[in-house]
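Student: So that you have it, the file is query-v5.txt, and it contains compact mmCIF, C-alpha atoms and all ligand atoms:
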# COMPACT_ATOMS: atom_id res chain seq x y z
CA MET A 1 -3.84 3.83 -0.50
CA ALA A 2 -1.64 0.83 0.21
CA ASP A 3 -1.71 0.06 3.92
CA GLY A 4 2.01 -0.63 3.90
CA GLY A 5 1.40 -4.15 5.17
CA GLY A 6 4.61 -6.04 4.53
CA ALA A 7 6.30 -3.02 2.99
CA VAL A 8 10.00 -2.75 3.66
CA LEU A 9 10.20 0.79 2.38
CA GLU A 10 7.38 3.28 2.53
CA LEU A 11 7.08 6.88 1.41
CA THR A 12 4.07 8.96 2.40
CA GLY A 13 3.28 12.47 1.26
CA ILE A 14 6.82 13.05 0.06
CA ALA A 15 7.62 16.53 -1.27
CA ARG A 16 10.92 18.01 -2.34
CA ASP A 17 11.67 21.59 -3.31
CA PHE A 18 14.72 22.91 -5.13
CA ASN A 19 15.00 26.66 -4.54
CA GLY A 20 11.26 27.07 -4.47
CA VAL A 21 10.64 24.73 -7.36
CA ARG A 22 8.59 21.72 -6.33
CA ALA A 23 10.09 18.60 -7.90
CA LEU A 24 7.93 16.18 -5.90
CA ASP A 25 4.56 16.77 -4.28
CA GLY A 26 2.58 14.36 -2.12
CA VAL A 27 4.16 11.19 -3.42
CA ASP A 28 3.21 7.86 -1.82
CA LEU A 29 5.09 4.67 -2.57
CA ALA A 30 5.23 1.33 -0.79
CA VAL A 31 7.80 -1.27 -1.74
CA ALA A 32 7.43 -4.90 -0.67
CA PRO A 33 9.77 -7.89 -0.72
CA GLY A 34 9.38 -10.23 -3.69
CA ARG A 35 7.70 -7.53 -5.76
CA VAL A 36 8.79 -5.30 -8.60
CA SER A 37 7.50 -1.78 -8.00
CA CYS A 38 7.84 0.34 -11.11
CA VAL A 39 8.18 4.11 -11.01
CA LEU A 40 7.43 5.62 -14.38
CA GLY A 41 7.45 9.12 -15.71
CA ASP A 42 8.52 11.36 -18.53
CA ASN A 43 11.54 13.65 -18.35
CA GLY A 44 11.23 16.02 -15.43
CA ALA A 45 8.58 13.92 -13.71
CA GLY A 46 10.67 13.59 -10.56
CA LYS A 47 12.06 10.07 -10.87
CA SER A 48 15.68 10.97 -10.14
CA THR A 49 14.64 13.11 -7.21
CA LEU A 50 12.67 10.19 -5.77
CA ILE A 51 15.64 7.86 -6.22
CA ALA A 52 17.89 10.40 -4.51
CA ILE A 53 15.55 10.50 -1.51
CA MET A 54 15.17 6.73 -1.25
CA SER A 55 18.92 6.17 -1.53
CA GLY A 56 19.82 8.75 1.11
CA LEU A 57 21.42 11.27 -1.23
CA ILE A 58 18.96 14.07 -0.41
CA ARG A 59 16.18 14.49 2.12
CA PRO A 60 12.53 15.25 1.50
CA SER A 61 11.20 18.73 2.24
CA ALA A 62 8.04 17.13 3.64
CA GLY A 63 6.52 13.73 4.15
CA GLU A 64 7.63 10.58 5.84
CA TYR A 65 10.11 7.91 4.84
CA ARG A 66 9.83 4.62 6.73
CA VAL A 67 11.97 1.51 6.59
CA ASP A 68 10.59 -1.63 8.22
CA GLY A 69 7.82 0.52 9.62
CA ALA A 70 10.05 3.03 11.45
CA PRO A 71 10.72 6.59 10.24
CA VAL A 72 14.24 7.26 8.94
CA ARG A 73 16.21 10.37 8.08
CA PHE A 74 19.21 9.21 6.11
CA ARG A 75 22.13 11.62 6.01
CA SER A 76 24.06 9.69 3.38
CA PRO A 77 23.76 6.82 0.91
CA ARG A 78 25.97 4.84 3.28
CA GLU A 79 23.24 4.96 5.93
CA ALA A 80 20.68 3.74 3.42
CA ARG A 81 22.98 0.95 2.26
CA ALA A 82 23.48 -0.13 5.86
CA ARG A 83 19.71 -0.73 5.96
CA GLY A 84 19.90 -2.87 2.84
CA ILE A 85 18.83 -0.22 0.34
CA ALA A 86 21.07 -0.38 -2.71
CA THR A 87 20.89 1.72 -5.84
CA VAL A 88 22.29 0.71 -9.20
CA TYR A 89 22.76 3.75 -11.38
CA GLN A 90 22.68 3.72 -15.14
CA ASP A 91 26.21 5.04 -15.48
CA LEU A 92 27.51 2.52 -13.01
CA ALA A 93 31.14 2.58 -12.09
CA MET A 94 33.32 -0.27 -13.28
CA VAL A 95 37.03 -0.38 -13.86
CA PRO A 96 37.19 -1.45 -17.51
CA LEU A 97 40.56 -3.18 -17.44
CA MET A 98 39.92 -5.12 -14.26
CA PRO A 99 38.33 -8.57 -14.47
CA VAL A 100 34.68 -9.09 -13.69
CA TRP A 101 35.41 -10.73 -10.34
CA ARG A 102 37.51 -7.78 -9.24
CA ASN A 103 34.77 -5.34 -10.21
CA PHE A 104 32.26 -7.47 -8.35
CA PHE A 105 34.16 -6.90 -5.10
CA LEU A 106 35.49 -3.42 -5.79
CA GLY A 107 35.97 -1.62 -2.49
CA SER A 108 34.99 -4.67 -0.40
CA GLU A 109 37.70 -7.17 -1.34
CA PRO A 110 38.02 -10.18 0.97
CA ARG A 111 41.53 -10.83 2.22
CA THR A 112 43.23 -13.91 3.49
CA GLY A 113 46.36 -15.22 5.18
CA PRO A 114 48.87 -13.61 7.53
CA PHE A 115 49.74 -10.87 5.00
CA ARG A 116 46.13 -10.00 4.29
CA ALA A 117 46.53 -10.75 0.61
CA LEU A 118 43.56 -10.38 -1.72
CA ASP A 119 41.54 -13.59 -1.62
CA VAL A 120 41.48 -14.02 -5.36
CA ARG A 121 40.21 -17.59 -5.34
CA ARG A 122 37.25 -16.66 -3.23
CA MET A 123 36.43 -13.59 -5.30
CA ARG A 124 36.49 -15.56 -8.54
CA ARG A 125 34.36 -18.34 -7.11
CA VAL A 126 31.78 -16.05 -5.53
CA ALA A 127 31.50 -13.71 -8.52
CA ASP A 128 30.97 -16.68 -10.81
CA ALA A 129 28.43 -18.39 -8.54
CA GLU A 130 26.50 -15.22 -7.74
CA THR A 131 26.12 -14.08 -11.32
CA ARG A 132 25.01 -17.57 -12.36
CA ARG A 133 22.69 -18.02 -9.40
CA LEU A 134 20.14 -15.59 -10.79
CA GLY A 135 20.30 -17.28 -14.13
CA VAL A 136 22.40 -15.19 -16.47
CA ALA A 137 25.67 -16.64 -17.65
CA LEU A 138 28.45 -14.15 -18.20
CA PRO A 139 31.32 -14.80 -20.59
CA ASP A 140 34.00 -15.45 -17.98
CA VAL A 141 34.67 -13.80 -14.65
CA ASP A 142 38.31 -13.40 -15.71
CA ALA A 143 37.35 -11.24 -18.67
CA PRO A 144 37.93 -7.51 -18.26
CA ALA A 145 34.77 -5.55 -17.51
CA ALA A 146 35.29 -3.66 -20.76
CA THR A 147 34.25 -6.78 -22.68
CA LEU A 148 30.83 -6.94 -21.01
CA SER A 149 27.76 -5.71 -22.83
CA GLY A 150 25.67 -2.96 -21.26
CA GLY A 151 23.13 -5.49 -20.08
CA GLN A 152 25.77 -7.76 -18.57
CA ARG A 153 27.26 -4.82 -16.71
CA GLN A 154 23.89 -4.06 -15.13
CA VAL A 155 23.56 -7.73 -14.24
CA VAL A 156 26.94 -7.77 -12.47
CA ALA A 157 25.98 -4.64 -10.54
CA ILE A 158 22.65 -6.15 -9.49
CA ALA A 159 24.26 -9.46 -8.47
CA ARG A 160 26.85 -7.56 -6.46
CA ALA A 161 24.21 -5.53 -4.64
CA VAL A 162 22.20 -8.66 -3.81
CA TYR A 163 25.32 -10.51 -2.63
CA PHE A 164 26.23 -7.63 -0.31
CA GLY A 165 22.83 -7.82 1.32
CA ALA A 166 20.47 -5.57 -0.63
CA ARG A 167 16.88 -6.07 0.50
CA VAL A 168 15.70 -3.16 -1.59
CA LEU A 169 17.22 -2.78 -5.02
CA ILE A 170 16.63 0.54 -6.76
CA LEU A 171 17.37 0.43 -10.48
CA ASP A 172 17.78 3.76 -12.21
CA GLU A 173 16.70 3.39 -15.85
CA PRO A 174 18.59 0.10 -16.23
CA THR A 175 17.46 -0.42 -19.83
CA ALA A 176 17.52 3.17 -21.08
CA ALA A 177 20.69 2.82 -23.12
CA LEU A 178 20.08 -0.77 -24.23
CA GLY A 179 18.58 -2.51 -27.23
CA VAL A 180 15.84 -5.11 -26.97
CA ARG A 181 18.16 -8.09 -26.51
CA GLN A 182 20.27 -6.44 -23.83
CA SER A 183 17.16 -5.14 -22.11
CA GLY A 184 15.89 -8.70 -22.03
CA ILE A 185 18.97 -9.82 -20.12
CA VAL A 186 18.43 -7.13 -17.51
CA LEU A 187 14.67 -7.71 -17.20
CA ARG A 188 15.12 -11.45 -16.74
CA TYR A 189 17.55 -10.64 -13.98
CA VAL A 190 15.15 -8.17 -12.40
CA ARG A 191 12.56 -10.91 -12.23
CA ALA A 192 15.07 -13.36 -10.77
CA ALA A 193 16.01 -10.86 -8.05
CA ARG A 194 12.34 -10.44 -7.24
CA ASP A 195 11.86 -14.22 -7.09
CA ALA A 196 14.79 -14.34 -4.67
CA GLY A 197 12.73 -12.12 -2.35
CA VAL A 198 14.31 -8.74 -3.08
CA ALA A 199 12.09 -5.67 -3.15
CA VAL A 200 12.87 -4.19 -6.55
CA VAL A 201 12.16 -0.58 -7.49
CA LEU A 202 12.41 -0.31 -11.25
CA VAL A 203 12.62 3.30 -12.37
CA THR A 204 12.08 3.72 -16.07
CA HIS A 205 10.43 5.76 -18.75
CA ASN A 206 9.74 2.63 -20.79
CA PRO A 207 6.18 1.44 -20.12
CA HIS A 208 6.73 -1.76 -22.10
CA HIS A 209 9.74 -2.82 -20.08
CA ALA A 210 7.92 -1.90 -16.88
CA HIS A 211 4.87 -3.92 -17.77
CA LEU A 212 6.91 -7.01 -18.66
CA VAL A 213 8.17 -7.39 -15.10
CA GLY A 214 6.22 -5.01 -12.85
CA ASP A 215 3.82 -6.01 -10.08
CA ARG A 216 2.80 -2.46 -9.28
CA PHE A 217 3.09 0.82 -11.18
CA THR A 218 3.41 4.37 -9.97
CA VAL A 219 3.36 6.95 -12.73
CA LEU A 220 4.74 10.37 -11.85
CA ALA A 221 3.84 13.48 -13.81
CA ARG A 222 5.39 16.81 -12.88
CA GLY A 223 6.14 15.59 -9.40
CA ARG A 224 2.75 14.11 -8.57
CA VAL A 225 1.40 10.60 -8.66
CA GLU A 226 -0.62 10.45 -11.85
CA LEU A 227 -1.45 6.76 -11.54
CA ASP A 228 -0.96 4.04 -8.95
CA ALA A 229 -2.10 0.65 -10.17
CA ALA A 230 -1.59 -3.05 -9.75
CA ARG A 231 -0.54 -5.18 -12.69
CA ALA A 232 -4.02 -6.59 -13.32
CA GLU A 233 -5.47 -3.08 -13.64
CA VAL A 234 -3.33 -1.72 -16.48
CA ASP A 235 -1.56 -2.61 -19.68
CA ALA A 236 1.48 -0.98 -21.25
CA ALA A 237 -0.71 1.34 -23.34
CA ASP A 238 -2.41 2.64 -20.19
CA LEU A 239 0.96 3.33 -18.64
CA ALA A 240 2.12 5.18 -21.75
CA HIS A 241 -1.09 7.18 -21.79
CA HIS A 242 -0.68 8.28 -18.19
CA MET A 243 3.00 9.06 -18.70
CA SER A 244 2.20 11.40 -21.53
CA GLY A 245 -0.26 13.38 -19.46
CA GLY A 246 -3.37 11.20 -19.30
CA ALA A 247 -6.50 13.28 -18.92
CA GLU A 248 -4.60 16.44 -19.75
CA LEU A 249 -3.63 14.98 -23.10
CA ASP A 250 -7.25 14.09 -23.81
CA THR A 251 -8.25 17.68 -23.13
CA LEU A 252 -5.50 18.95 -25.39
CA ARG A 253 -6.57 16.62 -28.17
CA HIS A 254 -10.09 17.89 -27.82
CA GLU A 255 -8.96 21.54 -27.95
CA LEU A 256 -6.82 20.95 -30.99
CA GLY A 257 -9.75 20.14 -33.18
CA GLY A 258 -11.69 17.21 -31.86
CA ALA A 259 -10.26 14.67 -34.26
CA PRO A 260 -11.42 11.22 -33.29
CA PRO A 261 -9.07 9.47 -30.90
CA ALA A 262 -6.44 7.42 -32.67
CA ALA A 263 -6.62 3.65 -32.57
CA PRO A 264 -5.68 2.19 -29.22
CA GLY A 265 -1.95 1.93 -28.83
CA SER A 266 -1.02 4.68 -31.31
CA GLU A 267 -1.12 7.63 -28.96
CA GLY A 268 -0.52 11.12 -30.20
CA ALA A 269 -1.62 10.56 -33.79
CA ALA A 270 -4.78 12.63 -33.61
CA ASP A 271 -3.61 15.38 -35.92
CA ALA A 272 -4.69 13.86 -39.19
CA PRO A 273 -8.27 14.88 -39.90
CA GLY A 274 -9.94 13.16 -42.80
CA GLY A 275 -8.70 9.76 -41.73
CA GLY A 276 -5.38 9.70 -43.54
CA ASP A 277 -3.57 6.68 -42.33
CA ALA A 278 -2.27 8.00 -39.09
CA ARG A 279 1.00 6.17 -38.67
N1 LIG B 301 19.32 19.69 -8.04
C1 LIG B 301 18.28 20.29 -8.59
N2 LIG B 301 18.15 21.63 -8.57
C2 LIG B 301 17.09 22.25 -9.12
N3 LIG B 301 16.08 21.61 -9.73
C3 LIG B 301 16.13 20.28 -9.79
C4 LIG B 301 17.23 19.54 -9.23
N4 LIG B 301 16.99 18.22 -9.46
C5 LIG B 301 15.82 18.13 -10.11
N5 LIG B 301 15.31 19.36 -10.31
C6 LIG B 301 14.02 19.66 -10.98
O1 LIG B 301 13.06 18.77 -10.46
C7 LIG B 301 12.20 18.29 -11.48
C8 LIG B 301 12.24 16.79 -11.52
O2 LIG B 301 13.51 16.37 -12.00
P1 LIG B 301 14.02 14.86 -12.00
O3 LIG B 301 13.79 14.29 -10.66
O4 LIG B 301 15.41 14.84 -12.51
O5 LIG B 301 13.02 14.19 -13.04
P2 LIG B 301 13.22 12.87 -13.94
O6 LIG B 301 14.34 12.07 -13.36
O7 LIG B 301 11.91 12.18 -13.89
O8 LIG B 301 13.54 13.33 -15.33
C9 LIG B 301 12.65 18.95 -12.77
O9 LIG B 301 11.84 20.07 -12.99
C10 LIG B 301 14.08 19.34 -12.46
O10 LIG B 301 14.44 20.47 -13.20
MG MG B 302 16.09 11.37 -14.24
Render the structure in this file as structure tokens.
Ligand SMILES: Nc1ncnc2c1ncn2[C@@H]1O[C@H](COP(=O)(O)OP(=O)(O)O)[C@@H](O)[C@H]1O
Ligand SMILES: [Mg+2]
Tutor:
Amino acid sequence: MADGGGAVLELTGIARDFNGVRALDGVDLAVAPGRVSCVLGDNGAGKSTLIAIMSGLIRPSAGEYRVDGAPVRFRSPREARARGIATVYQDLAMVPLMPVWRNFFLGSEPRTGPFRALDVRRMRRVADAETRRLGVALPDVDAPAATLSGGQRQVVAIARAVYFGARVLILDEPTAALGVRQSGIVLRYVRAARDAGVAVVLVTHNPHHAHLVGDRFTVLARGRVELDAARAEVDAADLAHHMSGGAELDTLRHELGGAPPAAPGSEGAADAPGGGDAR
């Protein structure tokens, strides 16, 4: 197991029950600065539950959660945020008719002058500089948020979190609703945040996206860690294999008639005996 050396956020033996149903069981995860730690898993694997624990929304039923080496028991997301743990959710909140710069500062607007007026100049300048800094140009910070693409919206949310001091950035399926091009925008930004020293937790059920940017991979299956591997140890096909049940799937394939395993990369196509072209 990872020794947690240099980890900013560390989970050990985490379990979580919902009315007697175990959503997570014995999960270990260590997240380090300047690294992208991917958490993968199929529907129901426990990804959202893990995010909820890390972001202070719920507490584990068992196990330990440490930040900077010291155990924490967050009672709210606010407490987690105060420790630099920010979560960007897929259905992130933006006010569509407000300009990008206003959305960037929503709820934390700087004010200026004797009448505490909104510091519009500063907000525009910072929003523009911060979104550019990590290398993705947005149309115009004066444009209403409604004109942003899905990928650009994620980018603004990530830039905002980093600007407001996120040391750990948890991304909840940031590419799930996006096409390849838009996903590319987000993944480039994920890498830029990592290069800026942020500890990124990329939660996804897309093994290809994960493998493009991930340094370490934790695959969950029905609440347990099915695989924990460094980048050099796995490829995207391995990740997909483990997400779909790994060894259990192999057993099932065997039981269902012992057809030869499909060609590497085309998982789940073992139901065509006689070698019909299994596409
Ligand atoms: N609030 C809840 N109440 C009851 N069961 C829950 C709750 N949240 C999650 N679960 C259960 O925990 C398991 C893991 O769910 P979840 O964390 O949402 O997985 P994922 O995000 O990987 O799809 C599922 O079996 C789900 O039904
Ligand atoms: Mg989920």
Student: Any residue with an atom at most 10 Å from ligand MG 302 (chain B) counts, using all atoms listed in the file. Which are they? Put them as an MDAnalysis selection string.
Tutor: chainID A and resid 41:52 172:173 203:205
Student: Restricting the calculation to all atoms listed in the file, which member of A:Thr131, A:Asn206, A:Gln154, A:Thr112 is positioned closest to ligand LIG 301 (chain B)?
Tutor: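 For ligand LIG 301 (chain B), the nearest of the given residues is A:Asn206.
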Student: Padding 8 Å on each side, edges along x, y and z: where is the centre of the box around the listed atoms of ligand LIG 301 (chain B), and how long are its edges in Å to one decimal? Output it as JSON.
Tutor:
{"center_x": 15.6, "center_y": 17.2, "center_z": -11.7, "size_x": 23.5, "size_y": 26.2, "size_z": 23.3}
Student: Which value, in Å to one decimal, gives the distance between CA of Ile85 (chain A) and CA of Ala7 (chain A)?
Tutor: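 If I compute the distance from CA of Ile85 (chain A) to CA of Ala7 (chain A), I get 13.1 Å.
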Student: May I ask for the distance between atom O4 of ligand LIG 301 (chain B) and CA of His241 (chain A), given in Å to one decimal place?
Tutor: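 It comes out at 20.4 Å.
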Student: Near region 11-28 of chain A, counting all atoms listed in the file, which residues have an atom at most 7 Å away, once you skip same-chain residues fewer than 4 positions from it, shown as a PyMOL selection string?
Tutor: chain A and resi 46+60-66+223-225
Student: May I ask for the distance between CA of Val100 (chain A) and CA of Gly197 (chain A), given in Å to one decimal place?
Tutor: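 We find that CA of Val100 (chain A) and CA of Gly197 (chain A) lie 24.9 Å from each other.
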Student: For ligand LIG 301 (chain B), which residue out of A:Ala145, A:Ala221, A:Leu212, A:Ala237 is the nearest one, using only C-alpha atoms and all ligand atoms?
Tutor: A:Ala221
Student: Tell me, as a ChimeraX atom specification, which residues lie within 7 Å of region 215-219 of chain A, counting only C-alpha atoms; anything in the same chain fewer than 4 positions away does not count.
Tutor: /A:35-41,225-231,242-243
Student: Here is a test: counting all atoms listed in the file, which residue of A:Arg153, A:Arg222, A:Arg253, A:Arg83 is nearest to ligand LIG 301 (chain B)?
Tutor: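 Closest residue, counting all atoms listed in the file: A:Arg222.
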Student: From the list A:Phe115, A:Val155, A:Leu220, A:Leu178, which residue is nearest ligand LIG 301 (chain B) when using all atoms listed in the file?
Tutor: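 Comparing A:Phe115, A:Val155, A:Leu220, A:Leu178 against ligand LIG 301 (chain B), the winner is A:Leu220.
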Student: Can you work out which one of A:Ala80, A:Leu92, A:Ile58, A:Val200 has the shortest atom-to-atom distance to ligand LIG 301 (chain B), counting only C-alpha atoms and all ligand atoms?
Tutor: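 Checking each of A:Ala80, A:Leu92, A:Ile58, A:Val200 against ligand LIG 301 (chain B), counting only C-alpha atoms and all ligand atoms, the winner is A:Ile58.
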Student: Kindly indicate which residue among A:Arg102, A:Gly135, A:Gly34, A:Ala232 lies nearest to Asp119 (chain A), using all atoms listed in the file for the distances.
Tutor: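 Of the candidates, the smallest distance to Asp119 (chain A) is held by A:Arg102.
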Student: Take the point (17.8, 5.4, 3.7) as written in the file and pick out every residue within 8 Å of it, counting only C-alpha atoms; give the list as a list in words.
Tutor: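 The distance filter leaves exactly Ile53, Met54, Ser55, Gly56, Val67, Val72, Arg73, Phe74, Arg75, Ser76, Pro77, Glu79, Ala80, Arg81, Arg83 and Ile85 of chain A.
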Student: Emit the selected residues as a PDB file, keeping the file's coordinate frame, including C-alpha atoms.
Tutor:
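Contents of result.pdb, as written:
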ATOM      1  CA  ILE A  53      15.550  10.500  -1.510  1.00  0.00           C
ATOM      2  CA  MET A  54      15.170   6.730  -1.250  1.00  0.00           C
ATOM      3  CA  SER A  55      18.920   6.170  -1.530  1.00  0.00           C
ATOM      4  CA  GLY A  56      19.820   8.750   1.110  1.00  0.00           C
ATOM      5  CA  VAL A  67      11.970   1.510   6.590  1.00  0.00           C
ATOM      6  CA  VAL A  72      14.240   7.260   8.940  1.00  0.00           C
ATOM      7  CA  ARG A  73      16.210  10.370   8.080  1.00  0.00           C
ATOM      8  CA  PHE A  74      19.210   9.210   6.110  1.00  0.00           C
ATOM      9  CA  ARG A  75      22.130  11.620   6.010  1.00  0.00           C
ATOM     10  CA  SER A  76      24.060   9.690   3.380  1.00  0.00           C
ATOM     11  CA  PRO A  77      23.760   6.820   0.910  1.00  0.00           C
ATOM     12  CA  GLU A  79      23.240   4.960   5.930  1.00  0.00           C
ATOM     13  CA  ALA A  80      20.680   3.740   3.420  1.00  0.00           C
ATOM     14  CA  ARG A  81      22.980   0.950   2.260  1.00  0.00           C
ATOM     15  CA  ARG A  83      19.710  -0.730   5.960  1.00  0.00           C
ATOM     16  CA  ILE A  85      18.830  -0.220   0.340  1.00  0.00           C
TER      17      ILE A  85
END
Student: Which residues come within 12 Å of region 125-128 of chain A, counting all atoms listed in the file, excluding same-chain residues fewer than 4 positions away, as a PyMOL selection string?
Tutor: chain A and resi 99-106+109-110+119-121+132-143+155-164
Student: Assuming the input is short of atoms at region 157-169 of chain A, produce N, CA and C atoms for that part as a tab-separated table (two decimals), keeping the file's coordinate frame.
Tutor:
chain	number	residue	atom	x	y	z
A	157	ALA	N	26.24	-5.62	-11.60
A	157	ALA	CA	25.98	-4.64	-10.54
A	157	ALA	C	24.82	-5.08	-9.65
A	158	ILE	N	23.80	-5.68	-10.26
A	158	ILE	CA	22.65	-6.15	-9.49
A	158	ILE	C	23.07	-7.34	-8.62
A	159	ALA	N	23.81	-8.28	-9.22
A	159	ALA	CA	24.26	-9.46	-8.47
A	159	ALA	C	25.13	-9.05	-7.29
A	160	ARG	N	25.97	-8.06	-7.52
A	160	ARG	CA	26.85	-7.56	-6.46
A	160	ARG	C	26.02	-6.97	-5.32
A	161	ALA	N	25.04	-6.16	-5.67
A	161	ALA	CA	24.21	-5.53	-4.64
A	161	ALA	C	23.47	-6.58	-3.82
A	162	VAL	N	22.94	-7.60	-4.51
A	162	VAL	CA	22.20	-8.66	-3.81
A	162	VAL	C	23.16	-9.44	-2.90
A	163	TYR	N	24.34	-9.76	-3.42
A	163	TYR	CA	25.32	-10.51	-2.63
A	163	TYR	C	25.70	-9.75	-1.36
A	164	PHE	N	25.85	-8.43	-1.47
A	164	PHE	CA	26.23	-7.63	-0.31
A	164	PHE	C	25.04	-7.23	0.55
A	165	GLY	N	23.92	-7.92	0.35
A	165	GLY	CA	22.83	-7.82	1.32
A	165	GLY	C	21.70	-6.86	0.99
A	166	ALA	N	21.56	-6.46	-0.29
A	166	ALA	CA	20.47	-5.57	-0.63
A	166	ALA	C	19.12	-6.25	-0.40
A	167	ARG	N	18.26	-5.60	0.35
A	167	ARG	CA	16.88	-6.07	0.50
A	167	ARG	C	16.00	-5.27	-0.43
A	168	VAL	N	16.40	-4.03	-0.64
A	168	VAL	CA	15.70	-3.16	-1.59
A	168	VAL	C	16.71	-2.79	-2.67
A	169	LEU	N	16.32	-3.05	-3.91
A	169	LEU	CA	17.22	-2.78	-5.02
A	169	LEU	C	16.56	-1.73	-5.91
